[in-house]
>>> print(open('structure_33.cif').read())   # mmCIF, N, CA and C atoms
data_model
loop_
_atom_site.label_atom_id
_atom_site.label_comp_id
_atom_site.auth_asym_id
_atom_site.auth_seq_id
_atom_site.Cartn_x
_atom_site.Cartn_y
_atom_site.Cartn_z
N MET A 1 8.46 -0.04 -23.50
CA MET A 1 7.29 -0.21 -22.64
C MET A 1 7.67 0.09 -21.19
N GLN A 2 6.78 0.69 -20.47
CA GLN A 2 7.01 1.05 -19.07
C GLN A 2 7.01 -0.22 -18.21
N ASN A 3 7.93 -0.28 -17.22
CA ASN A 3 7.92 -1.42 -16.31
C ASN A 3 6.94 -1.17 -15.17
N LEU A 4 6.60 -2.21 -14.42
CA LEU A 4 5.60 -2.09 -13.36
C LEU A 4 6.02 -1.12 -12.26
N PHE A 5 7.28 -1.16 -11.86
CA PHE A 5 7.75 -0.27 -10.79
C PHE A 5 7.52 1.19 -11.20
N ASP A 6 7.94 1.54 -12.40
CA ASP A 6 7.75 2.90 -12.89
C ASP A 6 6.28 3.24 -13.07
N PHE A 7 5.49 2.26 -13.50
CA PHE A 7 4.06 2.47 -13.67
C PHE A 7 3.43 2.95 -12.36
N PHE A 8 3.74 2.27 -11.26
CA PHE A 8 3.15 2.64 -9.97
C PHE A 8 3.69 3.97 -9.45
N THR A 9 4.97 4.20 -9.58
CA THR A 9 5.54 5.44 -9.06
C THR A 9 5.14 6.64 -9.92
N ASP A 10 4.95 6.44 -11.21
CA ASP A 10 4.60 7.55 -12.10
C ASP A 10 3.10 7.85 -12.16
N ASN A 11 2.27 6.84 -11.98
CA ASN A 11 0.84 7.01 -12.27
C ASN A 11 -0.07 7.12 -11.07
N ASP A 12 0.41 6.83 -9.87
CA ASP A 12 -0.45 7.01 -8.70
C ASP A 12 -0.20 8.40 -8.13
N HIS A 13 -0.90 9.37 -8.70
CA HIS A 13 -0.69 10.77 -8.35
C HIS A 13 -1.07 11.07 -6.90
N PHE A 14 -2.11 10.40 -6.40
CA PHE A 14 -2.53 10.64 -5.02
C PHE A 14 -1.46 10.15 -4.04
N ALA A 15 -0.94 8.96 -4.27
CA ALA A 15 0.12 8.43 -3.39
C ALA A 15 1.34 9.35 -3.42
N ARG A 16 1.70 9.81 -4.60
CA ARG A 16 2.86 10.71 -4.72
C ARG A 16 2.60 12.01 -3.96
N LYS A 17 1.39 12.56 -4.08
CA LYS A 17 1.03 13.80 -3.39
C LYS A 17 1.08 13.62 -1.87
N CYS A 18 0.81 12.40 -1.42
CA CYS A 18 0.85 12.09 0.02
C CYS A 18 2.27 11.83 0.52
N GLY A 19 3.24 11.80 -0.40
CA GLY A 19 4.63 11.57 -0.01
C GLY A 19 5.01 10.11 0.09
N ILE A 20 4.24 9.23 -0.53
CA ILE A 20 4.52 7.79 -0.49
C ILE A 20 5.54 7.44 -1.56
N VAL A 21 6.53 6.66 -1.15
CA VAL A 21 7.60 6.24 -2.06
C VAL A 21 7.65 4.71 -2.09
N LEU A 22 7.53 4.15 -3.28
CA LEU A 22 7.66 2.70 -3.46
C LEU A 22 9.13 2.33 -3.32
N VAL A 23 9.42 1.37 -2.45
CA VAL A 23 10.80 0.99 -2.16
C VAL A 23 11.16 -0.35 -2.82
N GLU A 24 10.27 -1.32 -2.71
CA GLU A 24 10.53 -2.66 -3.24
C GLU A 24 9.24 -3.26 -3.77
N MET A 25 9.40 -4.16 -4.73
CA MET A 25 8.28 -4.97 -5.18
C MET A 25 8.80 -6.23 -5.84
N GLU A 26 8.09 -7.32 -5.62
CA GLU A 26 8.35 -8.59 -6.28
C GLU A 26 7.02 -9.32 -6.32
N ALA A 27 6.94 -10.45 -6.96
CA ALA A 27 5.68 -11.16 -7.10
C ALA A 27 5.01 -11.37 -5.75
N GLY A 28 3.82 -10.78 -5.59
CA GLY A 28 3.03 -10.96 -4.38
C GLY A 28 3.47 -10.15 -3.17
N ARG A 29 4.44 -9.26 -3.35
CA ARG A 29 4.95 -8.47 -2.22
C ARG A 29 5.28 -7.05 -2.68
N ALA A 30 5.20 -6.12 -1.72
CA ALA A 30 5.62 -4.74 -2.00
C ALA A 30 5.91 -4.04 -0.68
N LYS A 31 6.75 -3.00 -0.78
CA LYS A 31 7.11 -2.21 0.40
C LYS A 31 7.18 -0.75 -0.02
N ALA A 32 6.61 0.12 0.82
CA ALA A 32 6.63 1.56 0.55
C ALA A 32 6.84 2.30 1.87
N GLU A 33 7.28 3.55 1.73
CA GLU A 33 7.54 4.38 2.91
C GLU A 33 6.86 5.74 2.75
N MET A 34 6.55 6.34 3.90
CA MET A 34 5.97 7.68 3.91
C MET A 34 6.58 8.44 5.08
N LYS A 35 7.37 9.47 4.76
CA LYS A 35 7.94 10.33 5.80
C LYS A 35 6.82 11.21 6.34
N ILE A 36 6.62 11.16 7.65
CA ILE A 36 5.53 11.92 8.26
C ILE A 36 5.81 13.41 8.15
N GLN A 37 4.84 14.12 7.59
CA GLN A 37 4.89 15.57 7.43
C GLN A 37 3.76 16.20 8.25
N PRO A 38 3.83 17.50 8.55
CA PRO A 38 2.75 18.14 9.31
C PRO A 38 1.36 17.92 8.71
N PHE A 39 1.25 17.85 7.38
CA PHE A 39 -0.07 17.67 6.77
C PHE A 39 -0.64 16.27 6.97
N HIS A 40 0.17 15.31 7.45
CA HIS A 40 -0.33 13.97 7.76
C HIS A 40 -1.02 13.92 9.12
N LEU A 41 -0.83 14.93 9.95
CA LEU A 41 -1.33 14.90 11.32
C LEU A 41 -2.78 15.38 11.41
N ASN A 42 -3.52 14.77 12.34
CA ASN A 42 -4.90 15.19 12.58
C ASN A 42 -4.93 16.19 13.74
N GLY A 43 -6.12 16.54 14.22
CA GLY A 43 -6.27 17.51 15.30
C GLY A 43 -5.66 17.05 16.61
N ALA A 44 -5.49 15.74 16.79
CA ALA A 44 -4.88 15.21 18.00
C ALA A 44 -3.35 15.14 17.89
N LYS A 45 -2.83 15.63 16.77
CA LYS A 45 -1.39 15.68 16.50
C LYS A 45 -0.75 14.30 16.34
N VAL A 46 -1.54 13.34 15.85
CA VAL A 46 -1.04 12.02 15.45
C VAL A 46 -1.38 11.82 13.98
N VAL A 47 -0.70 10.88 13.33
CA VAL A 47 -0.95 10.65 11.90
C VAL A 47 -2.42 10.26 11.70
N HIS A 48 -3.05 10.95 10.78
CA HIS A 48 -4.45 10.74 10.44
C HIS A 48 -4.64 9.31 9.94
N GLY A 49 -5.74 8.68 10.37
CA GLY A 49 -6.04 7.32 9.92
C GLY A 49 -6.13 7.21 8.41
N GLY A 50 -6.61 8.26 7.76
CA GLY A 50 -6.70 8.25 6.30
C GLY A 50 -5.34 8.20 5.63
N ALA A 51 -4.34 8.83 6.24
CA ALA A 51 -2.98 8.79 5.70
C ALA A 51 -2.39 7.39 5.84
N ILE A 52 -2.64 6.76 6.99
CA ILE A 52 -2.15 5.39 7.20
C ILE A 52 -2.85 4.44 6.24
N PHE A 53 -4.17 4.59 6.09
CA PHE A 53 -4.92 3.75 5.17
C PHE A 53 -4.41 3.93 3.74
N THR A 54 -4.15 5.15 3.34
CA THR A 54 -3.66 5.42 1.98
C THR A 54 -2.33 4.72 1.74
N LEU A 55 -1.41 4.78 2.70
CA LEU A 55 -0.12 4.10 2.57
C LEU A 55 -0.33 2.60 2.42
N ALA A 56 -1.17 2.02 3.28
CA ALA A 56 -1.42 0.57 3.23
C ALA A 56 -2.12 0.18 1.93
N ASP A 57 -3.09 0.97 1.51
CA ASP A 57 -3.83 0.67 0.29
C ASP A 57 -2.93 0.74 -0.94
N PHE A 58 -2.02 1.70 -0.96
CA PHE A 58 -1.09 1.80 -2.09
C PHE A 58 -0.22 0.56 -2.20
N VAL A 59 0.38 0.15 -1.09
CA VAL A 59 1.29 -1.00 -1.14
C VAL A 59 0.52 -2.30 -1.45
N PHE A 60 -0.73 -2.38 -0.98
CA PHE A 60 -1.61 -3.49 -1.34
C PHE A 60 -1.84 -3.51 -2.85
N ALA A 61 -2.16 -2.36 -3.42
CA ALA A 61 -2.41 -2.28 -4.87
C ALA A 61 -1.18 -2.69 -5.67
N VAL A 62 -0.02 -2.25 -5.25
CA VAL A 62 1.20 -2.62 -5.95
C VAL A 62 1.39 -4.13 -5.87
N ALA A 63 1.32 -4.69 -4.66
CA ALA A 63 1.57 -6.12 -4.48
C ALA A 63 0.61 -6.98 -5.29
N VAL A 64 -0.67 -6.65 -5.27
CA VAL A 64 -1.66 -7.47 -5.97
C VAL A 64 -1.49 -7.38 -7.48
N ASN A 65 -0.95 -6.27 -7.96
CA ASN A 65 -0.77 -6.12 -9.41
C ASN A 65 0.59 -6.60 -9.91
N THR A 66 1.46 -7.07 -9.02
CA THR A 66 2.76 -7.58 -9.46
C THR A 66 2.64 -8.85 -10.28
N ARG A 67 1.50 -9.49 -10.23
CA ARG A 67 1.29 -10.71 -11.02
C ARG A 67 1.00 -10.38 -12.48
N GLY A 68 0.87 -9.09 -12.81
CA GLY A 68 0.69 -8.68 -14.20
C GLY A 68 -0.74 -8.59 -14.66
N LYS A 69 -1.68 -9.16 -13.90
CA LYS A 69 -3.09 -9.12 -14.24
C LYS A 69 -3.72 -7.98 -13.44
N LEU A 70 -4.45 -7.09 -14.12
CA LEU A 70 -5.05 -5.95 -13.46
C LEU A 70 -5.99 -6.41 -12.34
N ALA A 71 -5.77 -5.88 -11.14
CA ALA A 71 -6.58 -6.23 -9.97
C ALA A 71 -6.99 -4.95 -9.25
N LEU A 72 -8.24 -4.93 -8.80
CA LEU A 72 -8.79 -3.76 -8.10
C LEU A 72 -9.41 -4.21 -6.78
N ALA A 73 -9.24 -3.40 -5.75
CA ALA A 73 -9.77 -3.74 -4.43
C ALA A 73 -11.28 -3.86 -4.45
N ILE A 74 -11.79 -4.88 -3.76
CA ILE A 74 -13.24 -5.00 -3.57
C ILE A 74 -13.61 -4.88 -2.09
N THR A 75 -12.64 -5.09 -1.22
CA THR A 75 -12.87 -4.86 0.21
C THR A 75 -11.53 -4.63 0.89
N ALA A 76 -11.57 -3.83 1.93
CA ALA A 76 -10.35 -3.56 2.71
C ALA A 76 -10.76 -3.17 4.12
N SER A 77 -9.94 -3.57 5.07
CA SER A 77 -10.18 -3.16 6.45
C SER A 77 -8.84 -2.84 7.11
N VAL A 78 -8.89 -1.97 8.08
CA VAL A 78 -7.67 -1.55 8.76
C VAL A 78 -7.93 -1.49 10.27
N SER A 79 -6.94 -1.89 11.02
CA SER A 79 -6.96 -1.75 12.49
C SER A 79 -5.79 -0.86 12.87
N PHE A 80 -6.07 0.14 13.67
CA PHE A 80 -5.03 1.05 14.14
C PHE A 80 -4.57 0.57 15.51
N ILE A 81 -3.27 0.25 15.62
CA ILE A 81 -2.73 -0.38 16.82
C ILE A 81 -2.05 0.65 17.73
N ASN A 82 -1.17 1.44 17.17
CA ASN A 82 -0.43 2.46 17.92
C ASN A 82 -0.43 3.77 17.12
N PRO A 83 -0.39 4.90 17.82
CA PRO A 83 -0.31 6.18 17.11
C PRO A 83 1.12 6.44 16.62
N ALA A 84 1.22 7.28 15.62
CA ALA A 84 2.53 7.73 15.13
C ALA A 84 2.48 9.25 15.04
N THR A 85 3.60 9.89 15.34
CA THR A 85 3.64 11.35 15.32
C THR A 85 4.79 11.92 14.51
N GLU A 86 5.85 11.14 14.32
CA GLU A 86 7.02 11.64 13.59
C GLU A 86 7.79 10.47 13.01
N GLY A 87 8.75 10.79 12.16
CA GLY A 87 9.59 9.75 11.55
C GLY A 87 9.03 9.28 10.23
N THR A 88 9.22 8.01 9.95
CA THR A 88 8.82 7.40 8.69
C THR A 88 7.98 6.17 8.95
N LEU A 89 6.89 6.05 8.21
CA LEU A 89 6.06 4.85 8.27
C LEU A 89 6.44 3.94 7.12
N ILE A 90 6.49 2.65 7.41
CA ILE A 90 6.87 1.63 6.42
C ILE A 90 5.73 0.64 6.30
N ALA A 91 5.24 0.44 5.09
CA ALA A 91 4.16 -0.52 4.83
C ALA A 91 4.70 -1.67 4.01
N GLU A 92 4.39 -2.88 4.45
CA GLU A 92 4.81 -4.08 3.73
C GLU A 92 3.60 -4.97 3.48
N ALA A 93 3.37 -5.28 2.20
CA ALA A 93 2.25 -6.13 1.80
C ALA A 93 2.76 -7.50 1.42
N ARG A 94 1.99 -8.51 1.81
CA ARG A 94 2.33 -9.88 1.41
C ARG A 94 1.07 -10.63 1.02
N GLU A 95 1.23 -11.48 0.05
CA GLU A 95 0.13 -12.26 -0.48
C GLU A 95 -0.25 -13.38 0.50
N ILE A 96 -1.54 -13.51 0.76
CA ILE A 96 -2.05 -14.59 1.60
C ILE A 96 -2.58 -15.71 0.72
N SER A 97 -3.37 -15.34 -0.30
CA SER A 97 -3.89 -16.33 -1.25
C SER A 97 -4.21 -15.63 -2.56
N VAL A 98 -4.13 -16.40 -3.63
CA VAL A 98 -4.48 -15.87 -4.95
C VAL A 98 -5.04 -17.00 -5.80
N ASN A 99 -6.10 -16.69 -6.54
CA ASN A 99 -6.61 -17.64 -7.51
C ASN A 99 -6.97 -16.87 -8.78
N ARG A 100 -7.71 -17.49 -9.67
CA ARG A 100 -7.99 -16.89 -10.96
C ARG A 100 -8.70 -15.53 -10.85
N LYS A 101 -9.58 -15.36 -9.85
CA LYS A 101 -10.39 -14.14 -9.76
C LYS A 101 -10.15 -13.30 -8.51
N LEU A 102 -9.69 -13.89 -7.41
CA LEU A 102 -9.55 -13.16 -6.15
C LEU A 102 -8.14 -13.30 -5.58
N ALA A 103 -7.73 -12.26 -4.87
CA ALA A 103 -6.43 -12.30 -4.19
C ALA A 103 -6.59 -11.62 -2.84
N ASN A 104 -5.98 -12.21 -1.82
CA ASN A 104 -6.05 -11.68 -0.46
C ASN A 104 -4.65 -11.31 0.00
N TYR A 105 -4.56 -10.13 0.62
CA TYR A 105 -3.27 -9.61 1.06
C TYR A 105 -3.36 -9.08 2.47
N GLU A 106 -2.23 -9.13 3.16
CA GLU A 106 -2.10 -8.54 4.49
C GLU A 106 -1.00 -7.49 4.41
N VAL A 107 -1.25 -6.35 5.04
CA VAL A 107 -0.28 -5.25 5.07
C VAL A 107 -0.02 -4.89 6.53
N THR A 108 1.25 -4.76 6.88
CA THR A 108 1.59 -4.22 8.19
C THR A 108 2.23 -2.86 7.96
N VAL A 109 1.88 -1.93 8.82
CA VAL A 109 2.50 -0.60 8.81
C VAL A 109 3.22 -0.45 10.13
N THR A 110 4.51 -0.14 10.05
CA THR A 110 5.34 0.05 11.24
C THR A 110 6.02 1.42 11.15
N ASP A 111 6.57 1.86 12.27
CA ASP A 111 7.43 3.03 12.20
C ASP A 111 8.85 2.55 11.98
N GLU A 112 9.80 3.49 11.89
CA GLU A 112 11.17 3.09 11.57
C GLU A 112 11.84 2.27 12.67
N THR A 113 11.26 2.23 13.87
CA THR A 113 11.81 1.39 14.95
C THR A 113 11.24 -0.01 14.93
N GLY A 114 10.26 -0.26 14.05
CA GLY A 114 9.62 -1.56 13.96
C GLY A 114 8.34 -1.67 14.79
N ARG A 115 7.95 -0.60 15.45
CA ARG A 115 6.72 -0.62 16.26
C ARG A 115 5.51 -0.70 15.33
N LEU A 116 4.61 -1.63 15.62
CA LEU A 116 3.43 -1.83 14.79
C LEU A 116 2.47 -0.65 14.93
N ILE A 117 2.11 -0.05 13.81
CA ILE A 117 1.17 1.08 13.78
C ILE A 117 -0.21 0.60 13.36
N SER A 118 -0.28 -0.25 12.33
CA SER A 118 -1.58 -0.76 11.89
C SER A 118 -1.43 -2.06 11.11
N ARG A 119 -2.57 -2.74 11.02
CA ARG A 119 -2.71 -3.93 10.17
C ARG A 119 -3.85 -3.67 9.20
N PHE A 120 -3.66 -4.13 7.97
CA PHE A 120 -4.62 -3.90 6.89
C PHE A 120 -4.82 -5.23 6.19
N GLN A 121 -6.06 -5.54 5.84
CA GLN A 121 -6.34 -6.72 5.03
C GLN A 121 -7.16 -6.27 3.84
N GLY A 122 -6.79 -6.79 2.67
CA GLY A 122 -7.51 -6.41 1.47
C GLY A 122 -7.75 -7.59 0.55
N THR A 123 -8.87 -7.54 -0.14
CA THR A 123 -9.21 -8.52 -1.16
C THR A 123 -9.38 -7.77 -2.47
N ALA A 124 -8.82 -8.32 -3.52
CA ALA A 124 -8.90 -7.69 -4.84
C ALA A 124 -9.53 -8.65 -5.84
N TYR A 125 -10.25 -8.07 -6.78
CA TYR A 125 -10.80 -8.81 -7.91
C TYR A 125 -9.79 -8.72 -9.05
N ARG A 126 -9.40 -9.88 -9.57
CA ARG A 126 -8.42 -9.94 -10.65
C ARG A 126 -9.16 -9.96 -11.99
N LYS A 127 -9.02 -8.90 -12.75
CA LYS A 127 -9.69 -8.78 -14.05
C LYS A 127 -8.95 -9.61 -15.11
N ASN A 128 -9.51 -9.65 -16.30
CA ASN A 128 -8.91 -10.46 -17.36
C ASN A 128 -7.75 -9.77 -18.07
N GLY A 129 -7.68 -8.46 -18.01
CA GLY A 129 -6.67 -7.73 -18.76
C GLY A 129 -5.38 -7.53 -17.99
N PRO A 130 -4.34 -7.12 -18.71
CA PRO A 130 -3.04 -6.87 -18.07
C PRO A 130 -3.00 -5.52 -17.36
N VAL A 131 -2.07 -5.36 -16.43
CA VAL A 131 -1.86 -4.08 -15.77
C VAL A 131 -1.36 -3.06 -16.78
N LEU A 132 -0.40 -3.47 -17.56
CA LEU A 132 0.19 -2.58 -18.58
C LEU A 132 -0.27 -3.02 -19.96
N GLU A 133 -0.69 -2.06 -20.74
CA GLU A 133 -1.05 -2.34 -22.14
C GLU A 133 0.22 -2.47 -22.95
N GLU A 134 0.21 -3.40 -23.86
CA GLU A 134 1.38 -3.62 -24.74
C GLU A 134 1.55 -2.45 -25.68
#
>>> encode(input="structure_33.cif", output="structure tokens")
Amino acid sequence: MQNLFDFFTDNDHFARKCGIVLVEMEAGRAKAEMKIQPFHLNGAKVVHGGAIFTLADFVFAVAVNTRGKLALAITASVSFINPATEGTLIAEAREISVNRKLANYEVTVTDETGRLISRFQGTAYRKNGPVLEE
């Protein structure tokens, strides 16, 4: 049977196409990185907000599903704090609260120097089934 780490790295084709790499995961937490490429930049020559959101959303999805119960986002918001133009972006998700049906997570995105790029908050609905089928 496939493990959760491999499940996320193998099956999220959009994240992989965006250059996102899952680095760590444990119950209620996850970390991923995205090396900034020219295709991540917008017309102002800074990382596109959609690329930052995608990185944050991916790490949120991984973290919320580490509990083994399939969970899907029902709301998410992002604040862009500082622009990024080069290097690597690092997203770290942490669990704020979880119950039988809902889970709330906070994600910070920083550059490799630790400078805050964005903050993301997400709420997920926890379904009855498992993430991985037996």
>>> resolve_selection(input="structure_33.cif", expression="the PyMOL selection byres (((chain A and resi 47 and name CA) around 12) and name CA)", output="PyMOL selection string")
chain A and resi 34-46+48-55+80+82-89+111+117-118
>>> closest_residue(input="structure_33.cif", among="A:Leu72, A:Ala124, A:Ser77, A:Ile20", to="A:Lys101", atoms="all atoms listed in the file")
A:Ala124
>>> residues_around(input="structure_33.cif", residues="A:Met25", least_positions_apart="4", cutoff="8 Å", atoms="all atoms listed in the file", output="MDAnalysis selection string")
chainID A and resid 5 29:32 62:63 66
>>> write_last_selection(input="structure_33.cif", atoms="N, CA and C atoms", output="CSV table (one decimal), in the coordinates of the input")
chain,number,residue,atom,x,y,z
A,5,PHE,N,7.3,-1.2,-11.9
A,5,PHE,CA,7.8,-0.3,-10.8
A,5,PHE,C,7.5,1.2,-11.2
A,29,ARG,N,4.4,-9.3,-3.4
A,29,ARG,CA,5.0,-8.5,-2.2
A,29,ARG,C,5.3,-7.0,-2.7
A,30,ALA,N,5.2,-6.1,-1.7
A,30,ALA,CA,5.6,-4.7,-2.0
A,30,ALA,C,5.9,-4.0,-0.7
A,31,LYS,N,6.8,-3.0,-0.8
A,31,LYS,CA,7.1,-2.2,0.4
A,31,LYS,C,7.2,-0.8,0.0
A,32,ALA,N,6.6,0.1,0.8
A,32,ALA,CA,6.6,1.6,0.6
A,32,ALA,C,6.8,2.3,1.9
A,62,VAL,N,0.0,-2.2,-5.2
A,62,VAL,CA,1.2,-2.6,-6.0
A,62,VAL,C,1.4,-4.1,-5.9
A,63,ALA,N,1.3,-4.7,-4.7
A,63,ALA,CA,1.6,-6.1,-4.5
A,63,ALA,C,0.6,-7.0,-5.3
A,66,THR,N,1.5,-7.1,-9.0
A,66,THR,CA,2.8,-7.6,-9.5
A,66,THR,C,2.6,-8.8,-10.3
>>> residues_around(input="structure_33.cif", residues="A:Ala56", least_positions_apart="5", cutoff="7 Å", atoms="only N, CA and C atoms", output="PyMOL selection string")
chain A and resi 51+61+91-92+107-109+120
>>> closest_residue(input="structure_33.cif", among="A:Gly122, A:Leu102, A:Glu33, A:Val78", to="A:Gly19", atoms="only N, CA and C atoms")
A:Glu33
>>> residues_around(input="structure_33.cif", residues="stretch 96-99 of chain A", least_positions_apart="3", cutoff="12 Å", atoms="only C-alpha atoms", output="MDAnalysis selection string")
chainID A and resid 27:29 60 63:67 69 71 93 102:107 121:127
>>> select_by_dssp(input="structure_33.cif", residues="stretch 3-133 of chain A", states="strand (DSSP E)", output="number ranges by chain")
A: 20-26, 29-35, 69-80, 88-98, 102-111, 116-130
>>> atom_distance(input="structure_33.cif", atom1="atom C of A:Asp10", atom2="atom CA of A:Val23")
14.4 Å
>>> atom_distance(input="structure_33.cif", atom1="atom C of A:Phe7", atom2="atom N of A:Ser79")
26.0 Å
>>> select_by_dssp(input="structure_33.cif", residues="stretch 26-120 of chain A", states="helix (DSSP H, G or I)", output="PyMOL selection string")
chain A and resi 38-40+49-65
>>> atom_distance(input="structure_33.cif", atom1="atom CA of A:Leu4", atom2="atom CA of A:Glu26")
10.0 Å
>>> closest_residue(input="structure_33.cif", among="A:Gly129, A:Asn3, A:Phe58, A:Glu95", to="A:Ala15", atoms="only N, CA and C atoms")
A:Phe58
>>> decode(input="structure_33.cif", residues="stretch 40-63 of chain A", atoms="N, CA and C atoms", output="PDB file, in the first residue's frame")
ATOM      1  N   HIS A  40       7.101  31.415 -12.640  1.00  0.00           N
ATOM      2  CA  HIS A  40       6.383  31.810 -11.429  1.00  0.00           C
ATOM      3  C   HIS A  40       6.165  33.322 -11.356  1.00  0.00           C
ATOM      4  N   LEU A  41       6.866  34.084 -12.180  1.00  0.00           N
ATOM      5  CA  LEU A  41       6.830  35.545 -12.088  1.00  0.00           C
ATOM      6  C   LEU A  41       5.669  36.136 -12.880  1.00  0.00           C
ATOM      7  N   ASN A  42       5.119  37.226 -12.344  1.00  0.00           N
ATOM      8  CA  ASN A  42       4.053  37.939 -13.052  1.00  0.00           C
ATOM      9  C   ASN A  42       4.656  39.087 -13.862  1.00  0.00           C
ATOM     10  N   GLY A  43       3.811  39.953 -14.419  1.00  0.00           N
ATOM     11  CA  GLY A  43       4.276  41.064 -15.245  1.00  0.00           C
ATOM     12  C   GLY A  43       5.119  42.071 -14.489  1.00  0.00           C
ATOM     13  N   ALA A  44       4.978  42.122 -13.165  1.00  0.00           N
ATOM     14  CA  ALA A  44       5.770  43.038 -12.341  1.00  0.00           C
ATOM     15  C   ALA A  44       7.110  42.408 -11.926  1.00  0.00           C
ATOM     16  N   LYS A  45       7.367  41.204 -12.425  1.00  0.00           N
ATOM     17  CA  LYS A  45       8.607  40.472 -12.164  1.00  0.00           C
ATOM     18  C   LYS A  45       8.767  40.043 -10.706  1.00  0.00           C
ATOM     19  N   VAL A  46       7.635  39.800 -10.036  1.00  0.00           N
ATOM     20  CA  VAL A  46       7.615  39.196  -8.700  1.00  0.00           C
ATOM     21  C   VAL A  46       6.789  37.914  -8.785  1.00  0.00           C
ATOM     22  N   VAL A  47       6.952  37.033  -7.801  1.00  0.00           N
ATOM     23  CA  VAL A  47       6.217  35.763  -7.827  1.00  0.00           C
ATOM     24  C   VAL A  47       4.713  36.047  -7.830  1.00  0.00           C
ATOM     25  N   HIS A  48       4.034  35.432  -8.772  1.00  0.00           N
ATOM     26  CA  HIS A  48       2.591  35.568  -8.944  1.00  0.00           C
ATOM     27  C   HIS A  48       1.878  35.102  -7.676  1.00  0.00           C
ATOM     28  N   GLY A  49       0.846  35.841  -7.278  1.00  0.00           N
ATOM     29  CA  GLY A  49       0.069  35.455  -6.105  1.00  0.00           C
ATOM     30  C   GLY A  49      -0.517  34.063  -6.217  1.00  0.00           C
ATOM     31  N   GLY A  50      -0.878  33.665  -7.425  1.00  0.00           N
ATOM     32  CA  GLY A  50      -1.423  32.318  -7.630  1.00  0.00           C
ATOM     33  C   GLY A  50      -0.401  31.232  -7.344  1.00  0.00           C
ATOM     34  N   ALA A  51       0.870  31.500  -7.640  1.00  0.00           N
ATOM     35  CA  ALA A  51       1.930  30.528  -7.349  1.00  0.00           C
ATOM     36  C   ALA A  51       2.128  30.395  -5.839  1.00  0.00           C
ATOM     37  N   ILE A  52       2.098  31.527  -5.140  1.00  0.00           N
ATOM     38  CA  ILE A  52       2.237  31.502  -3.679  1.00  0.00           C
ATOM     39  C   ILE A  52       1.047  30.794  -3.056  1.00  0.00           C
ATOM     40  N   PHE A  53      -0.163  31.104  -3.535  1.00  0.00           N
ATOM     41  CA  PHE A  53      -1.365  30.447  -3.027  1.00  0.00           C
ATOM     42  C   PHE A  53      -1.292  28.946  -3.266  1.00  0.00           C
ATOM     43  N   THR A  54      -0.856  28.534  -4.438  1.00  0.00           N
ATOM     44  CA  THR A  54      -0.755  27.106  -4.757  1.00  0.00           C
ATOM     45  C   THR A  54       0.186  26.394  -3.797  1.00  0.00           C
ATOM     46  N   LEU A  55       1.341  26.992  -3.516  1.00  0.00           N
ATOM     47  CA  LEU A  55       2.291  26.404  -2.565  1.00  0.00           C
ATOM     48  C   LEU A  55       1.650  26.271  -1.191  1.00  0.00           C
ATOM     49  N   ALA A  56       1.005  27.331  -0.715  1.00  0.00           N
ATOM     50  CA  ALA A  56       0.367  27.306   0.606  1.00  0.00           C
ATOM     51  C   ALA A  56      -0.785  26.301   0.647  1.00  0.00           C
ATOM     52  N   ASP A  57      -1.581  26.266  -0.400  1.00  0.00           N
ATOM     53  CA  ASP A  57      -2.721  25.350  -0.457  1.00  0.00           C
ATOM     54  C   ASP A  57      -2.267  23.896  -0.465  1.00  0.00           C
ATOM     55  N   PHE A  58      -1.190  23.618  -1.175  1.00  0.00           N
ATOM     56  CA  PHE A  58      -0.662  22.245  -1.206  1.00  0.00           C
ATOM     57  C   PHE A  58      -0.236  21.789   0.183  1.00  0.00           C
ATOM     58  N   VAL A  59       0.546  22.613   0.871  1.00  0.00           N
ATOM     59  CA  VAL A  59       1.050  22.205   2.187  1.00  0.00           C
ATOM     60  C   VAL A  59      -0.099  22.117   3.206  1.00  0.00           C
ATOM     61  N   PHE A  60      -1.112  22.973   3.050  1.00  0.00           N
ATOM     62  CA  PHE A  60      -2.331  22.878   3.860  1.00  0.00           C
ATOM     63  C   PHE A  60      -3.013  21.533   3.630  1.00  0.00           C
ATOM     64  N   ALA A  61      -3.174  21.156   2.366  1.00  0.00           N
ATOM     65  CA  ALA A  61      -3.832  19.886   2.036  1.00  0.00           C
ATOM     66  C   ALA A  61      -3.080  18.696   2.621  1.00  0.00           C
ATOM     67  N   VAL A  62      -1.768  18.729   2.526  1.00  0.00           N
ATOM     68  CA  VAL A  62      -0.976  17.637   3.088  1.00  0.00           C
ATOM     69  C   VAL A  62      -1.181  17.580   4.596  1.00  0.00           C
ATOM     70  N   ALA A  63      -1.022  18.714   5.274  1.00  0.00           N
ATOM     71  CA  ALA A  63      -1.118  18.735   6.736  1.00  0.00           C
ATOM     72  C   ALA A  63      -2.480  18.259   7.229  1.00  0.00           C
TER      73      ALA A  63
END
